Amino acid sequence: MAEPAATGGVATHCPYCALQCGMTLRSRADGGVEVAPRDFPTNRGGLCQKGWTAAELLDHPGRLTTPLVRDSKGGPLRPAGWDEALARIVDGIGALRAARGPDSVAVFGGGGLTNEKAYALGKFARAVLGTRYIDYNGRFCMSSAAAAGIRAFGVDRGLPFPLADLAEADVLLLAGANPAETMPPLVRYLTSQRERGGQLIVVDPRSTPTARHASLHLAAMPGTDLALANALLHVAIVEGLVDRGYVDARTTGFDRVARVATGYWPERVERLTGVSAADLRTAARALAGARRAVIVTARGAEQHSKGTDTVSAWINLALALGLPGRPGSGFGCLTGQGNGQGGREHGQKADQLPGYRRIDDPRARAHVAAVWGVDPADLPAAGVSAVELLDRLGTPHGPGALLVFGANPVVSAPRARRVERRLAALDLLVVADFVRSETAELADVVLPTAQWAEEDGTMTNLEGRVLRRRAVRRPPPGVRTDLAILADLAARLAPGSPAAGSVPAGGGALAGGAPGRAEAPGPVTVPGTPAEAFAELRRASAGGPADYAGIDWERIDASDGVFWPCPRPDHPGTPRLFTERFATPDGRARFVPVEHRPPAEPPDEAYPFLLTTGRVLAQYQSGAQTRRVAALNRAAPGAFVEVHPDPAALLSIVDGDPVRVVTRRGVIEVPARVVDTIRPDTLFVPFHWPGAARANSATTDALDPTSGMPEFKACGARLERAA
Ligand code: SF4
């Protein structure tokens with residue numbers, strides 16, 4: 001069904017998660033905006049509470065409508081005009097670049113930015129500022145799955161098949177995924193699957209609302225998914241359930257993985273995971289015996305210091321069973337943020353250029369440099385992952401300025417108190433947002449931005465489906481779009497412009513170049529409108545893994561979005577990847593041998609629990625938006641810690657008691673929620689709140705060495721009654 005013309009409304013998509021539910025917006029007589037669900041393949045007419053209330057922020061009394069500047073560190077933010085605010089940024093950046101080169105400035109983006117904004121931000125950082133320091137908050141949620149997908153399949157698209165395939169699977173295994181709370185309309189697919197007689201297997205340390213739908217719940221200890229997946233592979237091999245024809249024809253590297261799997265016999269893995277050997281065998285046999293089977297991971301499996309290897313273990317199992325590329329079967333992951341998929345394809349990531357190209361690939365650099373009109377040699381090298389970037393801020397050899405678009409790292413980043421200290425040490429912190437988020441409260445300059453319903457653009461959902469986001473009204477006076485801000489800053493800062501000073505992109509002391517090089521290329525512009533940005537993005541992505549060259553707004557309007565890759569206007573798009581070959585040089589998927597290892601900080605005598613963090617239905621990400629929506633705040637007013645009744649009794653804690661969750665980095669003060677739906681060795685705290693309840697003030701910043709993913713899901717903790 002085509003996206004309906006806006007009969008009495010504007011057809012668009014929810015501003016929050018990657019399901020990108022279809023909705024219709026209508027302007028009311030009182031100036032407000034009304035939301036109605038729309039029949040779209042991902043949501044089939046459903047919306048969750050966040051979607052229903054999404055328009056409330058448009059007229060929120062706390063919304064920013066004028067820039068704010070701080071005259072001195074520690075002083076208050078005061079209203080300012082746009083010229084003053086932008087001049088302050090240009091002067092601050094100019095002084096830093098002149099003294100210390102382009103890498104003295106860093107950029108931090110977000111997985112909620114449209115494709116056009118993600119593209120413009122990457123271009124602004126690399127071609128205008130010339131800094132290698134750009135990364136985004138998607139590093140905190142998608143990077144492990146992305147890295148594992150690329151090393152196995154040669155490309156990363158969250159779900160390489162349409163979401164509807166989930167309903168067709170005879171057996172569906174969800175590892176660390178809780179869509180009943182994070183993406184409620186998706187549950188329709190799980191219900192359809194069950195009504196068809198399908199089995200749902202859920203791997204999760206908690207009996208979540210999703211796990212309660214399951215025919216088999218494997219309540220593995222946090223951080224042991226890798227061992228569990230290897231055990232299922234062990235069973236498949238021992239019992240002769242491997243699809244040898246598929247393995248021989250379509251993959252490489254099985255023998256090495258099979259050798260590793262020999263060490264993961266179910267009785268040993270039972271001791272590691274807490275899941276019975278019988279259940280491990282049942283799960284393996286169910287998956288291997290299914291005509292159509294799908295394995296899907298999400299943050300529970302991925303947010304670990306071995307997140308990439310854990311996803312690889314699940315991919316190994318899927319490949320051994322011959323699932324990827326087979327209709328109705330496959331492996332995928334559930335992307336979380338609204339544009340978590342598109343946001344990682346167009347250049348916000350430290351190691352990537354638009355079209356999901358690698359920044360260290362000379363051909364990719366040449367292609368993108370030609371589109372941007374710059375010398376490939378002037379494009380900076382790969383930067384560092386988000387946590388590493390944040391950790392370098394304000395240090396003698398790190399960036400002295402940070403520009404934040406669409407992110408709130410003070411709440412969402414791990415080891416958040418240290419992030420606060422780093423931000424406070426900066427010469428210049430700029431935050432573009434539409435509310436005074438916790439990060440904006442620390443800024444030297446805050447720029448008020450338009451919201452989702454006030455500007456056009458495209459998003460790419462969890463299936464790789466490129467969608468249209470449409471404006472229903474103009475931004476309020478005093479507010480600008482992110483694109484307009486970037487275009488204006490680029491005009492003031494671009495190499496060759498008078499305000500840019502004499503430091504060229506790609507050079508400078510911190511980049512290893514020569515500060516103050518006399519010659520500079522001509523001014524580089526950043527597209528200031530969504531149409532211009534999308535047209536340029538199509539050219540920049542052409543020929544890359546995520547090829548958007550054949551997609552235009554009219555095609556998206558004429559169908560339910562277009563799946564990438566879509567290299568030509570006459571190309572139908574690609575709803576299902578890997579049917580014939582994988583995106584590797586030889587067309588075969590790659591098995592990757594992976595071994596279990598404990599979390600970076602396992603429980604011990606002093607910190608006997610495993611602390612794991614996560615989400616609740618009525619809040620989204622750092623909560624900067626949803627905590628300001630009255631209905632959502634009533635539904636989920638604050639953080640809590642889930643604890644099993646047995647340890648609670650030992651500690652004389654009853655439901656509702658104020659308690660302290662203590663780790664080596666900090667303390668979370670929250671009420672206890674005593675529930676029998678969690679393992680006795682595990683504590684769960686949602687991460688959406690700031691202040692004393694800020695979960696990420698206590699999490700470890702141990703990183704996955706491949707992806708840079710922080711370990712949000714497992715660290716040693718103890719529980720105390722509050723004084
Ligand atoms: Fe919005 Fe996600 Fe809820 Fe759908 S499931 S309404 S996209 S938050």
# chains A, B, ... in the order shown; residues from 1 in each chain; ligands from 1

$ residues_near_ligand --ligand "ligand 1" --cutoff "10 Å" --atoms "only C-alpha atoms and all ligand atoms" --output "ChimeraX atom specification"
/A:13-23,37,42-43,45-54,179-187,336-338,461,617-620

$ select_by_dssp --residues "region 243-396 of chain A" --states "alpha helix (DSSP H)" --output "count of residues only"
72

$ closest_residue --among "A:Asp378, A:Arg590, A:Val526, A:Phe331" --to "Arg492 (chain A)" --atoms "only C-alpha atoms"
A:Val526

$ residues_around --residues "Asp156 (chain A)" --least-positions-apart "3" --cutoff "12 Å" --atoms "only C-alpha atoms" --output "short mmCIF file (atom, residue, chain, number, x, y, z; two decimals) with N, CA and C atoms, in the first residue's frame"
data_model
loop_
_atom_site.label_atom_id
_atom_site.label_comp_id
_atom_site.auth_asym_id
_atom_site.auth_seq_id
_atom_site.Cartn_x
_atom_site.Cartn_y
_atom_site.Cartn_z
N MET A 142 24.26 0.33 18.80
CA MET A 142 24.23 -0.52 17.62
C MET A 142 25.58 -1.07 17.19
N SER A 143 26.64 -0.60 17.81
CA SER A 143 27.94 -0.81 17.17
C SER A 143 28.38 -2.27 17.19
N SER A 144 28.03 -3.03 18.21
CA SER A 144 28.45 -4.43 18.24
C SER A 144 27.80 -5.22 17.12
N ALA A 145 26.50 -5.05 16.97
CA ALA A 145 25.79 -5.79 15.92
C ALA A 145 26.30 -5.36 14.55
N ALA A 146 26.56 -4.05 14.40
CA ALA A 146 27.05 -3.56 13.10
C ALA A 146 28.40 -4.20 12.78
N ALA A 147 29.30 -4.21 13.75
CA ALA A 147 30.63 -4.76 13.50
C ALA A 147 30.56 -6.26 13.19
N ALA A 148 29.73 -6.98 13.93
CA ALA A 148 29.62 -8.42 13.69
C ALA A 148 28.98 -8.69 12.33
N GLY A 149 27.97 -7.89 11.96
CA GLY A 149 27.33 -8.07 10.66
C GLY A 149 28.31 -7.85 9.53
N ILE A 150 29.13 -6.80 9.66
CA ILE A 150 30.09 -6.50 8.60
C ILE A 150 31.13 -7.62 8.49
N ARG A 151 31.60 -8.12 9.61
CA ARG A 151 32.67 -9.12 9.46
C ARG A 151 32.13 -10.47 9.00
N ALA A 152 30.85 -10.75 9.21
CA ALA A 152 30.29 -12.01 8.71
C ALA A 152 29.72 -11.88 7.30
N PHE A 153 28.92 -10.82 7.10
CA PHE A 153 28.17 -10.71 5.85
C PHE A 153 28.76 -9.70 4.88
N LEU A 159 17.90 -5.54 10.20
CA LEU A 159 17.16 -6.70 9.70
C LEU A 159 17.40 -6.75 8.19
N PRO A 160 18.05 -7.78 7.69
CA PRO A 160 18.26 -7.85 6.24
C PRO A 160 17.07 -8.46 5.52
N PHE A 161 15.92 -8.40 6.17
CA PHE A 161 14.67 -8.91 5.59
C PHE A 161 13.53 -8.08 6.17
N PHE A 331 19.09 -14.04 10.09
CA PHE A 331 19.63 -13.44 11.30
C PHE A 331 19.49 -11.93 11.16
N GLY A 332 19.15 -11.26 12.26
CA GLY A 332 19.08 -9.81 12.24
C GLY A 332 19.21 -9.25 13.63
N CYS A 333 19.25 -7.93 13.73
CA CYS A 333 19.21 -7.31 15.05
C CYS A 333 18.19 -6.18 15.02
N LEU A 334 17.62 -5.90 16.18
CA LEU A 334 16.61 -4.85 16.28
C LEU A 334 17.30 -3.53 16.63
N THR A 335 17.44 -2.66 15.64
CA THR A 335 18.01 -1.34 15.89
C THR A 335 17.09 -0.58 16.83
N GLY A 340 18.72 4.96 14.01
CA GLY A 340 19.95 4.25 14.35
C GLY A 340 20.57 3.59 13.13
N GLN A 341 19.73 3.15 12.17
CA GLN A 341 20.26 2.53 10.96
C GLN A 341 20.85 3.60 10.02
N GLY A 342 20.01 4.54 9.59
CA GLY A 342 20.50 5.57 8.66
C GLY A 342 21.60 6.42 9.28
N ARG A 344 23.98 5.56 11.01
CA ARG A 344 25.31 4.97 10.94
C ARG A 344 25.76 4.72 9.51
N GLU A 345 24.95 5.15 8.56
CA GLU A 345 25.30 4.91 7.15
C GLU A 345 25.88 6.14 6.46
N GLY A 355 27.28 6.42 2.59
CA GLY A 355 27.08 5.20 1.82
C GLY A 355 27.61 3.98 2.55
N TYR A 356 27.90 4.16 3.85
CA TYR A 356 28.46 3.10 4.69
C TYR A 356 29.83 2.66 4.18
N ARG A 357 30.60 3.65 3.68
CA ARG A 357 31.95 3.36 3.20
C ARG A 357 32.95 3.49 4.34
N LEU A 462 14.51 0.07 11.04
CA LEU A 462 15.29 -1.11 11.44
C LEU A 462 15.37 -2.17 10.34
N GLU A 463 14.55 -2.05 9.29
CA GLU A 463 14.61 -3.00 8.18
C GLU A 463 15.45 -2.49 7.02
N GLY A 464 16.03 -1.28 7.15
CA GLY A 464 16.73 -0.68 6.00
C GLY A 464 15.77 -0.06 5.01
N PRO A 545 28.06 0.40 0.00
CA PRO A 545 27.18 -0.68 0.48
C PRO A 545 25.74 -0.21 0.70
N ALA A 546 25.59 0.97 1.33
CA ALA A 546 24.25 1.53 1.53
C ALA A 546 24.02 2.56 0.42
N TRP A 564 17.23 -0.01 0.88
CA TRP A 564 18.55 0.05 0.26
C TRP A 564 19.15 -1.35 0.22
N PRO A 565 20.11 -1.66 -0.63
CA PRO A 565 20.64 -0.78 -1.67
C PRO A 565 19.66 -0.62 -2.83
N LEU A 577 18.18 -9.15 1.71
CA LEU A 577 19.59 -9.27 1.31
C LEU A 577 20.04 -10.74 1.33
N PHE A 578 21.13 -10.99 0.69
CA PHE A 578 21.88 -12.25 0.79
C PHE A 578 21.18 -13.45 0.16
N PHE A 582 26.61 -13.03 -0.39
CA PHE A 582 26.84 -12.06 0.68
C PHE A 582 27.73 -10.94 0.15
N ALA A 583 27.82 -9.85 0.90
CA ALA A 583 28.53 -8.67 0.41
C ALA A 583 30.02 -8.75 0.73
N THR A 584 30.57 -9.94 0.64
CA THR A 584 32.01 -10.15 0.86
C THR A 584 32.68 -10.31 -0.50
#

$ closest_residue --among "A:Val667, A:Ile237, A:Val10, A:Ala672" --to "Arg415 (chain A)" --atoms "only C-alpha atoms"
A:Val667

$ atom_distance --atom1 "CA of His367 (chain A)" --atom2 "CA of His346 (chain A)"
13.7 Å

$ residues_around --residues "Ala600 (chain A)" --least-positions-apart "3" --cutoff "8 Å" --atoms "only C-alpha atoms" --output "number ranges by chain"
A: 305, 702, 715

$ closest_residue --among "A:Ala425, A:Ala649, A:Val371, A:Ala290" --to "Lys73 (chain A)" --atoms "only C-alpha atoms"
A:Ala425

$ residues_around --residues "region 212-217 of chain A" --least-positions-apart "6" --cutoff "6 Å" --atoms "only C-alpha atoms" --output "ChimeraX atom specification"
/A:199-202

$ residues_around --residues "Gln193 (chain A)" --least-positions-apart "4" --cutoff "8 Å" --atoms "only C-alpha atoms" --output "list in words"
Leu166, Ala167, Glu168, Ala169, Asp170, Tyr189, Gly197, Gly198 and Gln199 of chain A

$ write_last_selection --atoms "N, CA and C atoms" --output "PDB file, in the first residue's frame"
ATOM      1  N   LEU A 166       9.194 -12.073  10.627  1.00  0.00           N
ATOM      2  CA  LEU A 166       9.165 -12.590  11.991  1.00  0.00           C
ATOM      3  C   LEU A 166       7.894 -13.411  12.229  1.00  0.00           C
ATOM      4  N   ALA A 167       6.807 -12.945  11.647  1.00  0.00           N
ATOM      5  CA  ALA A 167       5.531 -13.650  11.854  1.00  0.00           C
ATOM      6  C   ALA A 167       5.491 -14.985  11.125  1.00  0.00           C
ATOM      7  N   GLU A 168       6.354 -15.142  10.127  1.00  0.00           N
ATOM      8  CA  GLU A 168       6.333 -16.360   9.301  1.00  0.00           C
ATOM      9  C   GLU A 168       7.263 -17.448   9.840  1.00  0.00           C
ATOM     10  N   ALA A 169       8.096 -17.077  10.822  1.00  0.00           N
ATOM     11  CA  ALA A 169       9.085 -18.048  11.308  1.00  0.00           C
ATOM     12  C   ALA A 169       8.407 -19.147  12.120  1.00  0.00           C
ATOM     13  N   ASP A 170       8.800 -20.367  11.879  1.00  0.00           N
ATOM     14  CA  ASP A 170       8.293 -21.460  12.716  1.00  0.00           C
ATOM     15  C   ASP A 170       8.934 -21.396  14.103  1.00  0.00           C
ATOM     16  N   TYR A 189       3.485  -9.014  15.435  1.00  0.00           N
ATOM     17  CA  TYR A 189       4.154 -10.055  14.656  1.00  0.00           C
ATOM     18  C   TYR A 189       4.403 -11.293  15.500  1.00  0.00           C
ATOM     19  N   GLY A 197       1.204 -21.199  15.138  1.00  0.00           N
ATOM     20  CA  GLY A 197       1.785 -22.410  15.714  1.00  0.00           C
ATOM     21  C   GLY A 197       3.272 -22.326  15.906  1.00  0.00           C
ATOM     22  N   GLY A 198       3.851 -21.131  15.702  1.00  0.00           N
ATOM     23  CA  GLY A 198       5.299 -20.960  15.841  1.00  0.00           C
ATOM     24  C   GLY A 198       5.744 -20.958  17.295  1.00  0.00           C
ATOM     25  N   GLN A 199       7.014 -21.235  17.496  1.00  0.00           N
ATOM     26  CA  GLN A 199       7.609 -21.187  18.836  1.00  0.00           C
ATOM     27  C   GLN A 199       8.448 -19.931  18.977  1.00  0.00           C
TER      28      GLN A 199
END

$ atom_distance --atom1 "CA of Asn230 (chain A)" --atom2 "CA of Thr613 (chain A)"
24.4 Å

$ residues_around --residues "Trp452 (chain A)" --least-positions-apart "4" --cutoff "8 Å" --atoms "only C-alpha atoms" --output "list in words"
Pro15, Asp456, Arg469 and Ala471 of chain A

$ closest_residue --among "A:Asp681, A:Asp570, A:Asp488, A:Glu302" --to "Cys141 (chain A)" --atoms "only C-alpha atoms"
A:Glu302

$ closest_residue --among "A:Asn137, A:Asn115, A:Thr65, A:Thr460" --to "Asn408 (chain A)" --atoms "only C-alpha atoms"
A:Asn137
